[in-house]
$ cat input22.txt   # compact mmCIF, N, CA and C atoms
# COMPACT_ATOMS: atom_id res chain seq x y z
N MET A 1 1.41 -2.63 27.46
CA MET A 1 0.79 -1.53 26.78
C MET A 1 -0.60 -1.94 26.30
N ALA A 2 -1.54 -1.02 26.47
CA ALA A 2 -2.90 -1.29 26.02
C ALA A 2 -2.94 -1.35 24.50
N GLN A 3 -3.80 -2.19 23.96
CA GLN A 3 -3.95 -2.27 22.52
C GLN A 3 -4.75 -1.08 22.02
N VAL A 4 -4.32 -0.54 20.91
CA VAL A 4 -4.95 0.66 20.36
C VAL A 4 -5.47 0.39 18.96
N ALA A 5 -6.44 1.20 18.56
CA ALA A 5 -6.88 1.18 17.17
C ALA A 5 -5.75 1.77 16.35
N PHE A 6 -5.64 1.34 15.11
CA PHE A 6 -4.58 1.85 14.25
C PHE A 6 -5.08 1.92 12.82
N ILE A 7 -4.30 2.57 11.97
CA ILE A 7 -4.62 2.70 10.56
C ILE A 7 -3.61 1.87 9.78
N LEU A 8 -4.11 1.00 8.93
CA LEU A 8 -3.24 0.16 8.11
C LEU A 8 -3.81 0.13 6.70
N ASN A 9 -3.00 0.50 5.73
CA ASN A 9 -3.45 0.57 4.33
C ASN A 9 -4.71 1.42 4.19
N ASP A 10 -4.70 2.57 4.84
CA ASP A 10 -5.83 3.53 4.81
C ASP A 10 -7.12 2.98 5.41
N GLN A 11 -7.03 1.93 6.21
CA GLN A 11 -8.20 1.33 6.86
C GLN A 11 -8.04 1.43 8.38
N LEU A 12 -9.06 1.95 9.05
CA LEU A 12 -9.05 1.99 10.51
C LEU A 12 -9.31 0.59 11.04
N VAL A 13 -8.44 0.13 11.92
CA VAL A 13 -8.57 -1.20 12.51
C VAL A 13 -8.78 -1.03 14.01
N PRO A 14 -10.03 -1.12 14.48
CA PRO A 14 -10.30 -0.98 15.91
C PRO A 14 -9.82 -2.21 16.69
N THR A 15 -9.82 -2.08 17.99
CA THR A 15 -9.32 -3.17 18.84
C THR A 15 -10.16 -4.44 18.72
N ASP A 16 -11.43 -4.31 18.34
CA ASP A 16 -12.30 -5.48 18.24
C ASP A 16 -12.51 -5.95 16.80
N HIS A 17 -11.67 -5.50 15.88
CA HIS A 17 -11.80 -5.89 14.47
C HIS A 17 -11.60 -7.40 14.34
N PRO A 18 -12.51 -8.12 13.65
CA PRO A 18 -12.40 -9.58 13.58
C PRO A 18 -11.15 -10.08 12.86
N GLU A 19 -10.59 -9.29 11.96
CA GLU A 19 -9.39 -9.70 11.21
C GLU A 19 -8.12 -9.05 11.74
N ARG A 20 -8.19 -8.49 12.93
CA ARG A 20 -7.06 -7.74 13.48
C ARG A 20 -5.75 -8.54 13.49
N GLN A 21 -5.78 -9.76 14.00
CA GLN A 21 -4.56 -10.56 14.07
C GLN A 21 -4.02 -10.90 12.68
N ALA A 22 -4.90 -11.19 11.74
CA ALA A 22 -4.46 -11.48 10.37
C ALA A 22 -3.82 -10.24 9.73
N LEU A 23 -4.41 -9.08 9.95
CA LEU A 23 -3.85 -7.84 9.42
C LEU A 23 -2.49 -7.54 10.04
N LEU A 24 -2.39 -7.77 11.34
CA LEU A 24 -1.11 -7.55 12.02
C LEU A 24 -0.05 -8.55 11.54
N ALA A 25 -0.45 -9.80 11.33
CA ALA A 25 0.49 -10.82 10.83
C ALA A 25 1.03 -10.40 9.46
N SER A 26 0.16 -9.92 8.61
CA SER A 26 0.56 -9.48 7.28
C SER A 26 1.50 -8.27 7.38
N ALA A 27 1.16 -7.33 8.22
CA ALA A 27 2.01 -6.14 8.41
C ALA A 27 3.37 -6.55 8.97
N TYR A 28 3.38 -7.53 9.86
CA TYR A 28 4.63 -8.02 10.44
C TYR A 28 5.52 -8.63 9.35
N ARG A 29 4.92 -9.47 8.51
CA ARG A 29 5.68 -10.14 7.44
C ARG A 29 6.23 -9.15 6.42
N THR A 30 5.43 -8.14 6.09
CA THR A 30 5.83 -7.18 5.05
C THR A 30 6.54 -5.95 5.63
N ARG A 31 6.69 -5.94 6.94
CA ARG A 31 7.32 -4.81 7.64
C ARG A 31 6.62 -3.48 7.36
N THR A 32 5.30 -3.57 7.26
CA THR A 32 4.48 -2.38 7.06
C THR A 32 4.18 -1.76 8.41
N ARG A 33 4.35 -0.47 8.51
CA ARG A 33 4.10 0.22 9.77
C ARG A 33 2.67 0.73 9.84
N PRO A 34 1.90 0.25 10.81
CA PRO A 34 0.59 0.86 11.04
C PRO A 34 0.78 2.28 11.57
N LEU A 35 -0.26 3.07 11.51
CA LEU A 35 -0.20 4.43 12.02
C LEU A 35 -1.18 4.60 13.16
N CYS A 36 -0.78 5.35 14.16
CA CYS A 36 -1.69 5.72 15.24
C CYS A 36 -2.48 6.92 14.75
N GLY A 37 -3.77 6.87 14.88
CA GLY A 37 -4.62 7.94 14.37
C GLY A 37 -4.89 9.06 15.36
N CYS A 38 -4.14 9.13 16.45
CA CYS A 38 -4.41 10.16 17.45
C CYS A 38 -4.02 11.55 16.97
N LYS A 39 -3.18 11.62 15.96
CA LYS A 39 -2.76 12.90 15.38
C LYS A 39 -2.82 12.79 13.86
N ASP A 40 -2.86 13.94 13.21
CA ASP A 40 -2.85 13.95 11.76
C ASP A 40 -1.62 14.73 11.32
N PRO A 41 -0.68 14.16 10.60
CA PRO A 41 -0.70 12.79 10.08
C PRO A 41 -0.45 11.78 11.19
N GLY A 42 -0.82 10.53 10.92
CA GLY A 42 -0.66 9.47 11.90
C GLY A 42 0.79 9.24 12.28
N LEU A 43 0.99 8.81 13.51
CA LEU A 43 2.34 8.51 13.99
C LEU A 43 2.65 7.03 13.77
N PRO A 44 3.85 6.71 13.28
CA PRO A 44 4.17 5.32 13.00
C PRO A 44 4.23 4.46 14.26
N LEU A 45 3.73 3.26 14.13
CA LEU A 45 3.79 2.24 15.17
C LEU A 45 4.57 1.06 14.60
N TYR A 46 4.80 0.05 15.39
CA TYR A 46 5.39 -1.17 14.84
C TYR A 46 4.65 -2.37 15.37
N VAL A 47 4.79 -3.49 14.66
CA VAL A 47 4.12 -4.73 15.03
C VAL A 47 5.14 -5.64 15.69
N SER A 48 4.77 -6.19 16.82
CA SER A 48 5.63 -7.08 17.58
C SER A 48 4.97 -8.45 17.68
N LYS A 49 5.76 -9.50 17.49
CA LYS A 49 5.24 -10.86 17.63
C LYS A 49 5.49 -11.34 19.05
N VAL A 50 4.45 -11.86 19.67
CA VAL A 50 4.51 -12.32 21.06
C VAL A 50 4.82 -13.82 21.07
N ASP A 51 5.31 -14.32 22.19
CA ASP A 51 5.70 -15.73 22.32
C ASP A 51 4.60 -16.70 21.91
N ASP A 52 3.34 -16.35 22.18
CA ASP A 52 2.25 -17.27 21.85
C ASP A 52 1.84 -17.21 20.37
N GLY A 53 2.57 -16.41 19.57
CA GLY A 53 2.29 -16.32 18.14
C GLY A 53 1.35 -15.20 17.77
N SER A 54 0.81 -14.50 18.74
CA SER A 54 -0.08 -13.38 18.42
C SER A 54 0.77 -12.13 18.18
N PHE A 55 0.11 -11.06 17.75
CA PHE A 55 0.81 -9.84 17.37
C PHE A 55 0.24 -8.66 18.16
N LEU A 56 1.13 -7.72 18.51
CA LEU A 56 0.75 -6.51 19.22
C LEU A 56 1.23 -5.30 18.43
N VAL A 57 0.51 -4.21 18.56
CA VAL A 57 0.94 -2.93 18.00
C VAL A 57 1.57 -2.15 19.14
N LYS A 58 2.76 -1.60 18.88
CA LYS A 58 3.45 -0.82 19.90
C LYS A 58 3.90 0.50 19.30
N ARG A 59 4.06 1.48 20.17
CA ARG A 59 4.56 2.77 19.67
C ARG A 59 6.06 2.66 19.40
N MET A 60 6.52 3.46 18.48
CA MET A 60 7.95 3.50 18.17
C MET A 60 8.68 4.09 19.38
N PRO A 61 9.89 3.62 19.63
CA PRO A 61 10.65 4.15 20.78
C PRO A 61 10.78 5.67 20.71
N PHE A 62 10.67 6.27 21.86
CA PHE A 62 10.86 7.72 22.06
C PHE A 62 9.79 8.58 21.40
N THR A 63 8.67 7.99 21.00
CA THR A 63 7.60 8.79 20.39
C THR A 63 6.43 9.02 21.34
N GLY A 64 6.48 8.48 22.55
CA GLY A 64 5.38 8.61 23.49
C GLY A 64 4.89 10.03 23.69
N PRO A 65 5.81 11.01 23.88
CA PRO A 65 5.35 12.38 24.07
C PRO A 65 4.70 13.02 22.84
N GLN A 66 4.91 12.43 21.65
CA GLN A 66 4.33 12.99 20.43
C GLN A 66 2.86 12.62 20.27
N HIS A 67 2.41 11.58 20.96
CA HIS A 67 1.02 11.14 20.86
C HIS A 67 0.11 12.08 21.64
N ASP A 68 -1.16 12.08 21.29
CA ASP A 68 -2.15 12.87 22.00
C ASP A 68 -2.21 12.38 23.44
N PRO A 69 -2.30 13.28 24.42
CA PRO A 69 -2.36 12.84 25.83
C PRO A 69 -3.50 11.86 26.13
N LYS A 70 -4.55 11.85 25.33
CA LYS A 70 -5.66 10.91 25.55
C LYS A 70 -5.39 9.55 24.92
N CYS A 71 -4.34 9.44 24.12
CA CYS A 71 -4.01 8.20 23.42
C CYS A 71 -3.32 7.22 24.38
N ASP A 72 -3.62 5.93 24.23
CA ASP A 72 -2.97 4.91 25.05
C ASP A 72 -1.47 4.81 24.79
N CYS A 73 -1.01 5.33 23.66
CA CYS A 73 0.42 5.31 23.35
C CYS A 73 1.17 6.49 23.96
N TYR A 74 0.43 7.44 24.50
CA TYR A 74 1.06 8.64 25.06
C TYR A 74 1.89 8.28 26.28
N GLU A 75 3.00 8.98 26.42
CA GLU A 75 3.84 8.85 27.60
C GLU A 75 4.38 10.24 27.90
N ILE A 76 4.32 10.65 29.17
CA ILE A 76 4.81 11.99 29.48
C ILE A 76 6.31 12.06 29.20
N PRO A 77 6.78 13.24 28.78
CA PRO A 77 8.20 13.40 28.45
C PRO A 77 9.09 13.07 29.65
N PRO A 78 10.27 12.51 29.40
CA PRO A 78 11.18 12.16 30.50
C PRO A 78 11.48 13.34 31.42
N SER A 79 11.60 14.54 30.87
CA SER A 79 11.90 15.70 31.72
C SER A 79 10.78 15.94 32.73
N TYR A 80 9.52 15.70 32.33
CA TYR A 80 8.41 15.87 33.25
C TYR A 80 8.40 14.75 34.29
N ARG A 81 8.75 13.54 33.87
CA ARG A 81 8.79 12.43 34.83
C ARG A 81 9.83 12.71 35.90
N ALA A 82 10.99 13.23 35.49
CA ALA A 82 12.05 13.55 36.46
C ALA A 82 11.57 14.64 37.41
N ALA A 83 10.90 15.65 36.88
CA ALA A 83 10.39 16.73 37.73
C ALA A 83 9.33 16.21 38.70
N ALA A 84 8.46 15.33 38.21
CA ALA A 84 7.42 14.77 39.08
C ALA A 84 8.06 13.96 40.21
N HIS A 85 9.12 13.23 39.91
CA HIS A 85 9.81 12.46 40.94
C HIS A 85 10.38 13.39 42.01
N LEU A 86 10.98 14.51 41.59
CA LEU A 86 11.55 15.45 42.55
C LEU A 86 10.46 16.09 43.41
N VAL A 87 9.33 16.41 42.81
CA VAL A 87 8.22 17.00 43.56
C VAL A 87 7.71 16.00 44.60
N ARG A 88 7.51 14.73 44.19
CA ARG A 88 7.05 13.70 45.14
C ARG A 88 8.05 13.54 46.29
N LYS A 89 9.33 13.55 45.96
CA LYS A 89 10.37 13.40 46.98
C LYS A 89 10.32 14.57 47.97
N GLN A 90 10.18 15.79 47.45
CA GLN A 90 10.12 16.97 48.31
C GLN A 90 8.87 16.96 49.17
N LEU A 91 7.74 16.56 48.59
CA LEU A 91 6.50 16.49 49.38
C LEU A 91 6.62 15.47 50.50
N LYS A 92 7.29 14.37 50.24
CA LYS A 92 7.48 13.36 51.28
C LYS A 92 8.32 13.94 52.42
N LYS A 93 9.36 14.70 52.08
CA LYS A 93 10.20 15.32 53.12
C LYS A 93 9.37 16.27 53.98
N ILE A 94 8.55 17.09 53.31
CA ILE A 94 7.72 18.06 54.02
C ILE A 94 6.73 17.33 54.93
N ARG A 95 6.10 16.29 54.40
CA ARG A 95 5.12 15.53 55.17
C ARG A 95 5.79 14.88 56.39
N MET A 96 6.96 14.29 56.18
CA MET A 96 7.65 13.63 57.28
C MET A 96 8.09 14.64 58.34
N ALA A 97 8.50 15.84 57.91
CA ALA A 97 8.90 16.88 58.86
C ALA A 97 7.71 17.39 59.65
N ALA A 98 6.52 17.38 59.06
CA ALA A 98 5.33 17.90 59.72
C ALA A 98 4.73 16.90 60.70
N LEU A 99 5.00 15.63 60.56
CA LEU A 99 4.37 14.61 61.42
C LEU A 99 4.58 14.86 62.91
N PRO A 100 5.81 15.08 63.36
CA PRO A 100 6.00 15.26 64.81
C PRO A 100 5.26 16.46 65.38
N SER A 101 5.12 17.53 64.59
CA SER A 101 4.45 18.72 65.11
C SER A 101 2.97 18.49 65.34
N PHE A 102 2.40 17.46 64.73
CA PHE A 102 1.00 17.11 64.94
C PHE A 102 0.85 15.92 65.87
N GLY A 103 1.95 15.41 66.37
CA GLY A 103 1.90 14.26 67.25
C GLY A 103 1.71 12.95 66.53
N TRP A 104 1.90 12.95 65.20
CA TRP A 104 1.73 11.73 64.42
C TRP A 104 3.06 11.04 64.22
N THR A 105 3.02 9.75 64.01
CA THR A 105 4.26 9.02 63.77
C THR A 105 4.30 8.42 62.38
N SER A 106 3.15 8.38 61.68
CA SER A 106 3.13 7.88 60.31
C SER A 106 1.94 8.46 59.58
N VAL A 107 1.98 8.33 58.26
CA VAL A 107 0.90 8.87 57.42
C VAL A 107 -0.04 7.76 57.05
$ encode --input "input22.txt" --output "structure tokens"
Amino acid sequence: MAQVAFILNDQLVPTDHPERQALLASAYRTRTRPLCGCKDPGLPLYVSKVDDGSFLVKRMPFTGPQHDPKCDCYEIPPSYRAAAHLVRKQLKKIRMAALPSFGWTSV
């Protein structure tokens, strides 16, 4: 997941903030939830500790569709993903059926 700017203790913390890791470490220790600022009010995120000792901000499970579509935390709803899969599958069938009529053997 891409790293996102977040709000912690009413302070915007951009991806290039010099104290970002220290702020995340503190939030991790105190179990403070940063907020994603893509919507108002902010959506809760959580802090995850990585094997190398650094910290990442991640979206809460099942909240991807609640984020703004332009936000890096956004994820299309599962129902749309399932529909998109069916559409791709159907298009592939149509394309494969059309190949012989054009004298083609592959796309």
$ atom_distance --input "input22.txt" --atom1 "atom CA of Ile76 of chain A" --atom2 "atom CA of Ile94 of chain A"
25.4 Å
$ atom_distance --input "input22.txt" --atom1 "atom C of Glu75 of chain A" --atom2 "atom CA of Leu24 of chain A"
24.5 Å
$ atom_distance --input "input22.txt" --atom1 "atom CA of Arg33 of chain A" --atom2 "atom C of Gln21 of chain A"
14.1 Å
$ residues_around --input "input22.txt" --residues "Val47 of chain A" --least-positions-apart "2" --cutoff "7 Å" --atoms "only N, CA and C atoms" --output "list of chain:residue names"
A:Leu24, A:Ala27, A:Tyr28, A:Thr32, A:Arg33, A:Pro34, A:Leu45, A:Lys49, A:Phe55, A:Leu56, A:Val57, A:Lys58
$ write_last_selection --input "input22.txt" --atoms "N, CA and C atoms" --output "PDB file, keeping the file's coordinate frame"
ATOM      1  N   LEU A  24      -2.390  -7.770  11.340  1.00  0.00           N
ATOM      2  CA  LEU A  24      -1.110  -7.550  12.020  1.00  0.00           C
ATOM      3  C   LEU A  24      -0.050  -8.550  11.540  1.00  0.00           C
ATOM      4  N   ALA A  27       1.160  -7.330   8.220  1.00  0.00           N
ATOM      5  CA  ALA A  27       2.010  -6.140   8.410  1.00  0.00           C
ATOM      6  C   ALA A  27       3.370  -6.550   8.970  1.00  0.00           C
ATOM      7  N   TYR A  28       3.380  -7.530   9.860  1.00  0.00           N
ATOM      8  CA  TYR A  28       4.630  -8.020  10.440  1.00  0.00           C
ATOM      9  C   TYR A  28       5.520  -8.630   9.350  1.00  0.00           C
ATOM     10  N   THR A  32       5.300  -3.570   7.260  1.00  0.00           N
ATOM     11  CA  THR A  32       4.480  -2.380   7.060  1.00  0.00           C
ATOM     12  C   THR A  32       4.180  -1.760   8.410  1.00  0.00           C
ATOM     13  N   ARG A  33       4.350  -0.470   8.510  1.00  0.00           N
ATOM     14  CA  ARG A  33       4.100   0.220   9.770  1.00  0.00           C
ATOM     15  C   ARG A  33       2.670   0.730   9.840  1.00  0.00           C
ATOM     16  N   PRO A  34       1.900   0.250  10.810  1.00  0.00           N
ATOM     17  CA  PRO A  34       0.590   0.860  11.040  1.00  0.00           C
ATOM     18  C   PRO A  34       0.780   2.280  11.570  1.00  0.00           C
ATOM     19  N   LEU A  45       3.730   3.260  14.130  1.00  0.00           N
ATOM     20  CA  LEU A  45       3.790   2.240  15.170  1.00  0.00           C
ATOM     21  C   LEU A  45       4.570   1.060  14.600  1.00  0.00           C
ATOM     22  N   LYS A  49       5.760  -9.500  17.490  1.00  0.00           N
ATOM     23  CA  LYS A  49       5.240 -10.860  17.630  1.00  0.00           C
ATOM     24  C   LYS A  49       5.490 -11.340  19.050  1.00  0.00           C
ATOM     25  N   PHE A  55       0.110 -11.060  17.750  1.00  0.00           N
ATOM     26  CA  PHE A  55       0.810  -9.840  17.370  1.00  0.00           C
ATOM     27  C   PHE A  55       0.240  -8.660  18.160  1.00  0.00           C
ATOM     28  N   LEU A  56       1.130  -7.720  18.510  1.00  0.00           N
ATOM     29  CA  LEU A  56       0.750  -6.510  19.220  1.00  0.00           C
ATOM     30  C   LEU A  56       1.230  -5.300  18.430  1.00  0.00           C
ATOM     31  N   VAL A  57       0.510  -4.210  18.560  1.00  0.00           N
ATOM     32  CA  VAL A  57       0.940  -2.930  18.000  1.00  0.00           C
ATOM     33  C   VAL A  57       1.570  -2.150  19.140  1.00  0.00           C
ATOM     34  N   LYS A  58       2.760  -1.600  18.880  1.00  0.00           N
ATOM     35  CA  LYS A  58       3.450  -0.820  19.900  1.00  0.00           C
ATOM     36  C   LYS A  58       3.900   0.500  19.300  1.00  0.00           C
TER      37      LYS A  58
END
